[in-house]
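Shown next, in C-alpha coordinates, is the structure this report addresses.
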Amino acid sequence: MRDEPGGAPPSLAERSLALGFAGLDAEAVFALREGTAWRHFPADRADRFVPLLGIPDLDAFLATDAARLPRVTMADSRRQGSAAVPEDAFARDDGRIEPARLHALFDDGATLVVSQFHEHHPPLAAFCRGLERAFLHAVQSNIYLTPGGIAGGAQGFRPHFDTHDVLVLQVSGRKRWRLWNGTPFEHPTRRTPWRNQAVPEGAPTEVEMGPGDALYVPRGVMHDATALGEEPSLHATIGFLEPSMAEALRMALDVAELEDPAFRAACPTWRLDDPEALAGLIGGLVPRLMEPEAVARLNAALLNHLADLRLTLPARGLMPAALDPTRPVRLAEAVHHHLLATPDGAAVLRAAGVEERLSPEEVGWLQAIDEGVAPAALGAEALAARLHRLGVLETAPEALPPDRHQGR
(Lines give C-alpha, C1' and ligand atoms only; values in the text may rest on other atoms or scores of the structure.)
Protein backbone atom coordinates (compact mmCIF):
# COMPACT_ATOMS: atom_id res chain seq x y z
CA MET A 1 0.00 0.00 0.00
CA ARG A 2 1.56 3.27 -1.10
CA ASP A 3 0.74 6.90 -0.36
CA GLU A 4 -0.13 8.99 -3.40
CA PRO A 5 1.93 12.20 -3.60
CA GLY A 6 -0.29 15.18 -2.98
CA GLY A 7 -3.22 12.94 -1.98
CA ALA A 8 -4.83 12.17 1.34
CA PRO A 9 -2.79 10.19 3.87
CA PRO A 10 -3.81 6.54 4.32
CA SER A 11 -6.79 6.00 6.58
CA LEU A 12 -6.64 4.26 9.94
CA ALA A 13 -8.03 1.10 8.32
CA GLU A 14 -5.42 1.23 5.55
CA ARG A 15 -2.60 1.72 8.04
CA SER A 16 -3.71 -1.22 10.17
CA LEU A 17 -4.08 -3.51 7.16
CA ALA A 18 -0.66 -2.51 5.84
CA LEU A 19 1.00 -3.08 9.22
CA GLY A 20 -0.63 -6.44 9.89
CA PHE A 21 -0.73 -7.90 6.37
CA ALA A 22 2.49 -6.62 4.83
CA GLY A 23 2.53 -6.56 1.05
CA LEU A 24 -1.18 -7.30 0.51
CA ASP A 25 -3.76 -4.81 -0.72
CA ALA A 26 -7.21 -4.75 0.85
CA GLU A 27 -8.83 -7.11 -1.67
CA ALA A 28 -6.04 -9.66 -1.19
CA VAL A 29 -6.53 -9.46 2.58
CA PHE A 30 -10.27 -10.03 2.21
CA ALA A 31 -9.56 -13.04 -0.04
CA LEU A 32 -7.18 -14.44 2.58
CA ARG A 33 -9.84 -14.02 5.28
CA GLU A 34 -12.40 -15.79 3.09
CA GLY A 35 -10.11 -18.78 2.53
CA THR A 36 -8.83 -21.52 4.82
CA ALA A 37 -5.06 -21.31 4.32
CA TRP A 38 -2.58 -20.01 6.88
CA ARG A 39 0.14 -17.60 5.75
CA HIS A 40 3.48 -16.42 7.08
CA PHE A 41 4.50 -12.78 6.51
CA PRO A 42 8.31 -12.44 6.91
CA ALA A 43 9.51 -9.22 8.46
CA ASP A 44 10.62 -6.33 6.28
CA ARG A 45 12.17 -4.87 9.44
CA ALA A 46 12.64 -6.26 12.94
CA ASP A 47 11.08 -3.29 14.74
CA ARG A 48 7.85 -3.46 12.72
CA PHE A 49 5.56 -4.02 15.72
CA VAL A 50 7.58 -2.23 18.40
CA PRO A 51 5.30 0.87 18.26
CA LEU A 52 2.37 -1.36 19.25
CA LEU A 53 3.78 -3.07 22.31
CA GLY A 54 6.80 -3.76 24.49
CA ILE A 55 7.67 -5.60 27.70
CA PRO A 56 7.84 -2.25 29.62
CA ASP A 57 4.16 -1.73 28.67
CA LEU A 58 3.30 -5.02 30.36
CA ASP A 59 5.35 -4.11 33.44
CA ALA A 60 3.50 -0.79 33.68
CA PHE A 61 0.13 -2.51 33.33
CA LEU A 62 0.94 -5.13 35.98
CA ALA A 63 1.67 -2.31 38.41
CA THR A 64 -1.92 -1.03 38.16
CA ASP A 65 -5.13 -2.17 39.82
CA ALA A 66 -6.44 -3.19 36.38
CA ALA A 67 -4.11 -6.21 36.45
CA ARG A 68 -6.65 -8.68 37.77
CA LEU A 69 -8.22 -12.02 37.01
CA PRO A 70 -9.47 -13.05 34.50
CA ARG A 71 -7.65 -10.53 32.30
CA VAL A 72 -4.28 -11.81 33.53
CA THR A 73 -3.62 -15.55 33.39
CA MET A 74 -0.64 -17.89 33.07
CA ALA A 75 -0.08 -21.11 31.14
CA ASP A 76 2.54 -23.86 31.23
CA SER A 77 2.32 -26.93 28.95
CA ARG A 78 4.52 -28.92 31.38
CA ARG A 79 1.62 -29.15 33.80
CA GLN A 80 -0.40 -32.37 34.01
CA GLY A 81 -3.95 -32.02 32.72
CA SER A 82 -4.82 -28.44 31.87
CA ALA A 83 -1.95 -26.14 30.88
CA ALA A 84 -3.60 -23.27 32.77
CA VAL A 85 -1.72 -22.32 35.93
CA PRO A 86 -4.12 -22.26 38.93
CA GLU A 87 -5.20 -18.71 39.66
CA ASP A 88 -4.36 -18.91 43.35
CA ALA A 89 -0.73 -19.53 42.39
CA PHE A 90 -0.28 -15.90 41.29
CA ALA A 91 -3.37 -13.94 42.39
CA ARG A 92 -5.07 -12.94 45.62
CA ASP A 93 -8.57 -13.97 46.64
CA ASP A 94 -9.97 -10.65 45.38
CA GLY A 95 -8.52 -11.23 41.89
CA ARG A 96 -5.60 -8.84 42.16
CA ILE A 97 -2.27 -10.10 40.84
CA GLU A 98 0.48 -10.88 43.32
CA PRO A 99 3.61 -9.72 41.43
CA ALA A 100 6.18 -11.70 43.42
CA ARG A 101 4.44 -15.02 42.76
CA LEU A 102 3.72 -14.15 39.13
CA HIS A 103 7.37 -13.28 38.55
CA ALA A 104 8.52 -16.54 40.15
CA LEU A 105 6.26 -18.59 37.88
CA PHE A 106 7.44 -16.65 34.83
CA ASP A 107 11.10 -17.15 35.77
CA ASP A 108 10.39 -20.88 36.04
CA GLY A 109 8.98 -21.08 32.49
CA ALA A 110 5.28 -20.16 32.62
CA THR A 111 3.80 -17.92 29.92
CA LEU A 112 2.13 -14.66 30.92
CA VAL A 113 -1.16 -14.03 29.11
CA VAL A 114 -2.92 -10.64 29.16
CA SER A 115 -6.30 -10.67 27.44
CA GLN A 116 -7.96 -7.69 25.75
CA PHE A 117 -4.85 -5.55 26.22
CA HIS A 118 -6.11 -3.11 23.56
CA GLU A 119 -8.62 -1.89 26.16
CA HIS A 120 -5.70 -0.53 28.22
CA HIS A 121 -3.01 0.31 25.67
CA PRO A 122 -3.78 3.11 23.15
CA PRO A 123 -1.39 1.98 20.35
CA LEU A 124 -3.03 -1.45 20.25
CA ALA A 125 -6.46 0.14 20.57
CA ALA A 126 -5.85 2.23 17.44
CA PHE A 127 -4.48 -0.76 15.51
CA CYS A 128 -7.47 -2.95 16.41
CA ARG A 129 -9.91 -0.13 15.64
CA GLY A 130 -8.38 0.24 12.18
CA LEU A 131 -8.96 -3.46 11.52
CA GLU A 132 -12.51 -3.12 12.82
CA ARG A 133 -13.10 -0.27 10.38
CA ALA A 134 -11.81 -2.51 7.57
CA PHE A 135 -13.71 -5.70 8.44
CA LEU A 136 -16.75 -4.21 10.25
CA HIS A 137 -16.58 -6.74 13.08
CA ALA A 138 -14.97 -6.78 16.52
CA VAL A 139 -11.21 -7.29 16.82
CA GLN A 140 -9.35 -8.11 20.05
CA SER A 141 -5.75 -8.47 21.18
CA ASN A 142 -4.27 -10.99 23.61
CA ILE A 143 -0.63 -10.74 24.65
CA TYR A 144 1.73 -13.67 25.30
CA LEU A 145 5.13 -13.30 26.96
CA THR A 146 7.10 -16.53 27.20
CA PRO A 147 10.47 -16.64 29.01
CA GLY A 148 13.64 -17.54 27.18
CA GLY A 149 16.50 -19.72 28.33
CA ILE A 150 14.29 -22.70 29.25
CA ALA A 151 15.74 -26.09 28.30
CA GLY A 152 13.77 -27.45 25.34
CA GLY A 153 11.95 -24.12 24.98
CA ALA A 154 9.02 -22.84 27.02
CA GLN A 155 5.51 -23.50 25.73
CA GLY A 156 2.29 -22.02 27.03
CA PHE A 157 -0.39 -24.12 25.33
CA ARG A 158 -0.34 -27.57 23.78
CA PRO A 159 -1.57 -28.13 20.20
CA HIS A 160 -5.03 -26.60 19.84
CA PHE A 161 -7.29 -24.71 17.46
CA ASP A 162 -8.98 -21.35 17.88
CA THR A 163 -12.64 -20.64 17.17
CA HIS A 164 -11.81 -17.42 15.33
CA ASP A 165 -9.15 -16.33 12.85
CA VAL A 166 -5.99 -14.91 14.40
CA LEU A 167 -3.07 -12.78 13.27
CA VAL A 168 0.10 -13.30 15.30
CA LEU A 169 2.48 -10.33 15.52
CA GLN A 170 5.94 -11.29 16.78
CA VAL A 171 7.20 -8.22 18.64
CA SER A 172 10.48 -9.51 20.09
CA GLY A 173 12.29 -12.78 20.69
CA ARG A 174 11.78 -15.89 18.60
CA LYS A 175 9.16 -18.59 18.52
CA ARG A 176 8.74 -21.83 16.59
CA TRP A 177 5.20 -22.43 15.41
CA ARG A 178 3.89 -25.78 14.28
CA LEU A 179 0.79 -25.88 12.06
CA TRP A 180 -1.13 -28.96 10.93
CA ASN A 181 -3.08 -29.28 7.70
CA GLY A 182 -6.76 -30.01 7.92
CA THR A 183 -9.16 -29.12 10.71
CA PRO A 184 -10.61 -31.56 13.27
CA PHE A 185 -13.85 -29.57 13.39
CA GLU A 186 -14.95 -27.64 10.30
CA HIS A 187 -15.73 -23.95 10.86
CA PRO A 188 -15.64 -23.99 14.69
CA THR A 189 -17.34 -21.11 16.50
CA ARG A 190 -17.50 -19.91 20.09
CA ARG A 191 -20.37 -22.36 20.58
CA THR A 192 -18.25 -25.32 19.47
CA PRO A 193 -17.68 -27.79 22.32
CA TRP A 194 -13.95 -27.60 23.10
CA ARG A 195 -12.39 -29.68 25.84
CA ASN A 196 -8.82 -29.78 24.53
CA GLN A 197 -9.49 -33.22 23.10
CA ALA A 198 -8.60 -32.60 19.44
CA VAL A 199 -5.46 -34.42 18.31
CA PRO A 200 -3.49 -33.18 15.29
CA GLU A 201 -2.96 -35.61 12.45
CA GLY A 202 0.11 -35.97 10.26
CA ALA A 203 3.38 -34.07 10.34
CA PRO A 204 3.23 -30.34 11.06
CA THR A 205 4.79 -27.53 9.09
CA GLU A 206 7.25 -25.56 11.21
CA VAL A 207 7.60 -21.78 10.95
CA GLU A 208 10.24 -19.92 12.94
CA MET A 209 9.02 -16.44 13.81
CA GLY A 210 11.42 -13.59 14.48
CA PRO A 211 10.84 -9.94 15.41
CA GLY A 212 8.60 -8.24 12.85
CA ASP A 213 7.16 -11.48 11.45
CA ALA A 214 3.40 -12.05 11.26
CA LEU A 215 1.41 -15.26 10.93
CA TYR A 216 -2.22 -15.56 9.87
CA VAL A 217 -3.98 -18.69 11.19
CA PRO A 218 -7.62 -19.35 10.22
CA ARG A 219 -9.94 -20.77 12.84
CA GLY A 220 -9.87 -24.54 13.19
CA VAL A 221 -6.20 -24.93 12.16
CA MET A 222 -4.30 -26.90 14.83
CA HIS A 223 -1.15 -25.16 16.05
CA ASP A 224 1.22 -24.64 18.95
CA ALA A 225 4.24 -22.41 19.65
CA THR A 226 7.51 -22.77 21.58
CA ALA A 227 9.92 -19.99 22.56
CA LEU A 228 13.45 -20.28 21.19
CA GLY A 229 16.76 -18.95 22.48
CA GLU A 230 17.69 -16.95 25.55
CA GLU A 231 15.51 -13.91 24.92
CA PRO A 232 11.87 -13.82 26.06
CA SER A 233 9.34 -14.11 23.26
CA LEU A 234 6.65 -11.43 23.10
CA HIS A 235 3.81 -11.64 20.62
CA ALA A 236 0.32 -10.23 20.22
CA THR A 237 -2.46 -12.45 18.95
CA ILE A 238 -5.07 -10.39 17.13
CA GLY A 239 -8.43 -12.15 17.15
CA PHE A 240 -11.04 -11.56 14.44
CA LEU A 241 -14.49 -11.95 15.99
CA GLU A 242 -16.75 -11.93 12.96
CA PRO A 243 -20.24 -13.36 13.53
CA SER A 244 -21.04 -16.77 12.09
CA MET A 245 -23.80 -17.13 9.52
CA ALA A 246 -25.96 -18.64 12.24
CA GLU A 247 -25.39 -15.59 14.47
CA ALA A 248 -26.26 -13.24 11.62
CA LEU A 249 -29.42 -15.20 10.87
CA ARG A 250 -30.45 -15.19 14.53
CA MET A 251 -30.00 -11.43 14.53
CA ALA A 252 -31.96 -11.15 11.28
CA LEU A 253 -34.83 -13.08 12.84
CA ASP A 254 -34.77 -10.91 15.95
CA VAL A 255 -34.97 -7.77 13.82
CA ALA A 256 -37.66 -9.27 11.58
CA GLU A 257 -39.80 -10.16 14.60
CA LEU A 258 -39.87 -6.49 15.57
CA GLU A 259 -40.50 -5.12 12.09
CA ASP A 260 -42.52 -7.74 10.19
CA PRO A 261 -45.85 -9.12 11.51
CA ALA A 262 -45.37 -12.35 9.56
CA PHE A 263 -42.58 -13.36 11.95
CA ARG A 264 -44.82 -12.70 14.95
CA ALA A 265 -47.50 -15.09 13.78
CA ALA A 266 -48.07 -18.17 15.94
CA CYS A 267 -46.23 -21.34 15.02
CA PRO A 268 -48.85 -24.15 14.89
CA THR A 269 -47.01 -26.66 17.02
CA TRP A 270 -50.09 -28.87 16.86
CA ARG A 271 -49.15 -29.52 13.22
CA LEU A 272 -45.58 -30.70 13.82
CA ASP A 273 -46.59 -34.11 12.45
CA ASP A 274 -47.46 -32.45 9.13
CA PRO A 275 -44.07 -31.67 7.53
CA GLU A 276 -45.61 -30.06 4.46
CA ALA A 277 -47.67 -27.59 6.48
CA LEU A 278 -44.71 -26.48 8.61
CA ALA A 279 -42.33 -26.36 5.65
CA GLY A 280 -44.80 -24.18 3.81
CA LEU A 281 -44.94 -21.69 6.66
CA ILE A 282 -41.17 -21.50 7.02
CA GLY A 283 -40.66 -21.40 3.26
CA GLY A 284 -42.86 -18.34 3.07
CA LEU A 285 -40.76 -16.50 5.66
CA VAL A 286 -37.29 -17.14 4.23
CA PRO A 287 -37.75 -14.93 1.13
CA ARG A 288 -38.83 -12.06 3.39
CA LEU A 289 -35.39 -12.15 5.04
CA MET A 290 -33.85 -11.55 1.61
CA GLU A 291 -35.89 -8.46 0.72
CA PRO A 292 -33.84 -5.23 0.45
CA GLU A 293 -35.52 -3.66 3.47
CA ALA A 294 -34.80 -6.71 5.63
CA VAL A 295 -31.16 -6.84 4.47
CA ALA A 296 -30.77 -3.12 5.24
CA ARG A 297 -32.19 -3.66 8.74
CA LEU A 298 -29.77 -6.54 9.34
CA ASN A 299 -26.87 -4.42 8.08
CA ALA A 300 -27.79 -1.68 10.56
CA ALA A 301 -28.20 -4.21 13.37
CA LEU A 302 -24.74 -5.66 12.73
CA LEU A 303 -23.18 -2.18 12.73
CA ASN A 304 -25.07 -1.26 15.90
CA HIS A 305 -23.86 -4.47 17.53
CA LEU A 306 -20.24 -3.66 16.67
CA ALA A 307 -20.52 -0.13 18.06
CA ASP A 308 -22.17 -1.39 21.24
CA LEU A 309 -19.44 -4.00 21.82
CA ARG A 310 -16.39 -1.77 21.49
CA LEU A 311 -14.88 1.16 23.35
CA THR A 312 -16.09 4.51 22.01
CA LEU A 313 -12.65 6.16 21.49
CA PRO A 314 -14.07 9.69 20.94
CA ALA A 315 -12.08 12.29 19.02
CA ARG A 316 -12.04 14.73 21.92
CA GLY A 317 -10.98 14.89 25.56
CA LEU A 318 -12.20 16.89 28.52
CA MET A 319 -10.73 20.09 27.10
CA PRO A 320 -10.94 19.80 23.30
CA ALA A 321 -9.15 22.21 21.03
CA ALA A 322 -11.41 24.57 19.12
CA LEU A 323 -12.51 23.37 15.69
CA ASP A 324 -11.49 25.63 12.79
CA PRO A 325 -14.52 25.67 10.44
CA THR A 326 -12.37 26.93 7.57
CA ARG A 327 -10.38 23.67 7.48
CA PRO A 328 -11.63 20.34 6.09
CA VAL A 329 -13.02 17.98 8.71
CA ARG A 330 -14.12 14.34 8.74
CA LEU A 331 -16.07 11.92 10.83
CA ALA A 332 -13.63 10.59 13.40
CA GLU A 333 -11.80 7.51 12.14
CA ALA A 334 -11.54 5.85 15.54
CA VAL A 335 -15.29 6.13 16.20
CA HIS A 336 -17.64 3.50 14.82
CA HIS A 337 -20.35 5.46 13.03
CA HIS A 338 -23.04 4.96 10.43
CA LEU A 339 -26.05 6.80 9.02
CA LEU A 340 -29.53 5.34 9.20
CA ALA A 341 -31.85 6.90 6.62
CA THR A 342 -35.41 7.77 7.62
CA PRO A 343 -38.45 7.85 5.28
CA ASP A 344 -38.63 11.65 5.31
CA GLY A 345 -35.17 12.06 3.77
CA ALA A 346 -33.53 12.78 7.11
CA ALA A 347 -31.16 10.40 8.89
CA VAL A 348 -29.89 9.35 12.28
CA LEU A 349 -26.13 9.43 12.83
CA ARG A 350 -25.25 6.70 15.30
CA ALA A 351 -21.79 7.19 16.78
CA ALA A 352 -19.93 7.54 20.07
CA GLY A 353 -22.79 6.06 22.05
CA VAL A 354 -25.34 8.65 20.88
CA GLU A 355 -27.93 8.96 18.16
CA GLU A 356 -28.03 12.39 16.51
CA ARG A 357 -30.93 13.20 14.19
CA LEU A 358 -29.94 15.10 11.06
CA SER A 359 -32.28 17.02 8.78
CA PRO A 360 -32.19 16.31 5.03
CA GLU A 361 -30.14 19.49 4.59
CA GLU A 362 -27.69 18.40 7.29
CA VAL A 363 -27.33 15.00 5.64
CA GLY A 364 -26.22 16.79 2.48
CA TRP A 365 -23.80 18.92 4.46
CA LEU A 366 -22.35 15.83 6.13
CA GLN A 367 -21.78 14.13 2.79
CA ALA A 368 -19.99 17.21 1.45
CA ILE A 369 -17.93 17.55 4.65
CA ASP A 370 -16.85 13.94 4.27
CA GLU A 371 -15.63 14.76 0.76
CA GLY A 372 -13.21 17.36 2.13
CA VAL A 373 -15.29 20.55 1.98
CA ALA A 374 -14.74 22.83 4.98
CA PRO A 375 -17.84 23.54 7.11
CA ALA A 376 -17.55 27.31 6.58
CA ALA A 377 -17.79 26.84 2.81
CA LEU A 378 -21.16 25.13 3.32
CA GLY A 379 -22.56 27.32 6.06
CA ALA A 380 -22.44 24.22 8.27
CA GLU A 381 -20.50 25.69 11.19
CA ALA A 382 -23.30 24.89 13.66
CA LEU A 383 -23.51 21.26 12.54
CA ALA A 384 -19.73 20.88 12.73
CA ALA A 385 -19.63 22.39 16.24
CA ARG A 386 -22.42 20.07 17.37
CA LEU A 387 -20.69 16.94 16.07
CA HIS A 388 -17.34 18.12 17.40
CA ARG A 389 -18.82 18.43 20.90
CA LEU A 390 -20.05 14.84 20.62
CA GLY A 391 -16.53 13.66 19.75
CA VAL A 392 -17.44 12.33 16.32
CA LEU A 393 -15.85 15.03 14.15
CA GLU A 394 -12.17 15.81 13.78
CA THR A 395 -9.95 18.01 11.63
CA ALA A 396 -8.91 16.14 8.50
CA PRO A 397 -5.16 15.57 8.06
CA GLU A 398 -3.24 17.68 5.59
CA ALA A 399 -2.64 16.27 2.11
CA LEU A 400 0.69 14.54 1.61
CA PRO A 401 3.41 16.75 0.14
CA PRO A 402 4.27 15.98 -3.48
CA ASP A 403 7.75 14.71 -2.59
CA ARG A 404 6.54 12.09 -0.11
CA HIS A 405 6.77 8.57 -1.54
CA GLN A 406 7.02 6.49 1.60
CA GLY A 407 5.43 3.05 1.28
CA ARG A 408 3.14 1.87 4.08
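By order in the C-alpha coordinates, chains are A, B, ...; within a chain, residues start at 1; ligands start at 1, following the order shown.
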
Legend entry - Residues near stretch 339-342 of chain A, cut-off 10 Å, only C-alpha atoms, skip fewer than 6 positions along chain, as a list in words: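 The contact residues come out as Ala296, Arg297, Ala300, Val348, Leu349, Arg350, Ala351, Glu355, Glu356, Arg357, Leu358, Ser359, Pro360 and Val363 of chain A.
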
Legend entry - A:Leu102 surroundings by only C-alpha atoms, 12 Å radius, close-in-sequence under 4 positions cut, as a list in words: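 My list of contacting residues is Asp59, Leu62, Ala67, Arg68, Val72, Thr73, Met74, Ala75, Val85, Pro86, Glu87, Asp88, Ala89, Phe90, Ala91, Arg92, Arg96, Ile97, Glu98, Phe106, Asp107, Asp108, Gly109, Ala110, Thr111, Leu112 and Val113 of chain A.
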
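Distance check against A:Glu230 using only C-alpha atoms: of A:Ile150, A:Ala13, A:Ala382, A:Ala334, the minimum falls on A:Ile150.
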
Within 12 Å of stretch 238-258 of chain A: each stretch 275-337 of chain A residue with its shortest pair, only C-alpha atoms, as a tab-separated table:
residue	atom	partner	partner_atom	distance
A:Leu285	CA	A:Ala256	CA	9.8
A:Val286	CA	A:Leu253	CA	9.8
A:Pro287	CA	A:Ala256	CA	11.9
A:Arg288	CA	A:Ala256	CA	8.7
A:Leu289	CA	A:Ala252	CA	7.2
A:Met290	CA	A:Ala252	CA	9.9
A:Glu291	CA	A:Ala256	CA	11.0
A:Glu293	CA	A:Ala256	CA	10.1
A:Ala294	CA	A:Ala256	CA	7.1
A:Val295	CA	A:Ala252	CA	8.1
A:Ala296	CA	A:Ala252	CA	10.1
A:Arg297	CA	A:Val255	CA	7.1
A:Leu298	CA	A:Ala252	CA	5.5
A:Asn299	CA	A:Ala252	CA	9.0
A:Ala300	CA	A:Val255	CA	10.0
A:Ala301	CA	A:Met251	CA	7.5
A:Leu302	CA	A:Ala248	CA	7.8
A:Leu303	CA	A:Ala248	CA	11.5
A:Asn304	CA	A:Met251	CA	11.4
A:His305	CA	A:Met251	CA	9.8
A:Leu306	CA	A:Glu242	CA	9.7
A:Leu309	CA	A:Leu241	CA	11.0
A:Arg310	CA	A:Leu241	CA	11.7

Inset, instruction - List every residue of stretch 51-147 of chain A that DSSP, applied to the backbone of this structure, assigns to strand (DSSP E or B), and report them as a ChimeraX atom specification. - result: /A:68,72-75,84,91,96-97,111-114,138-146
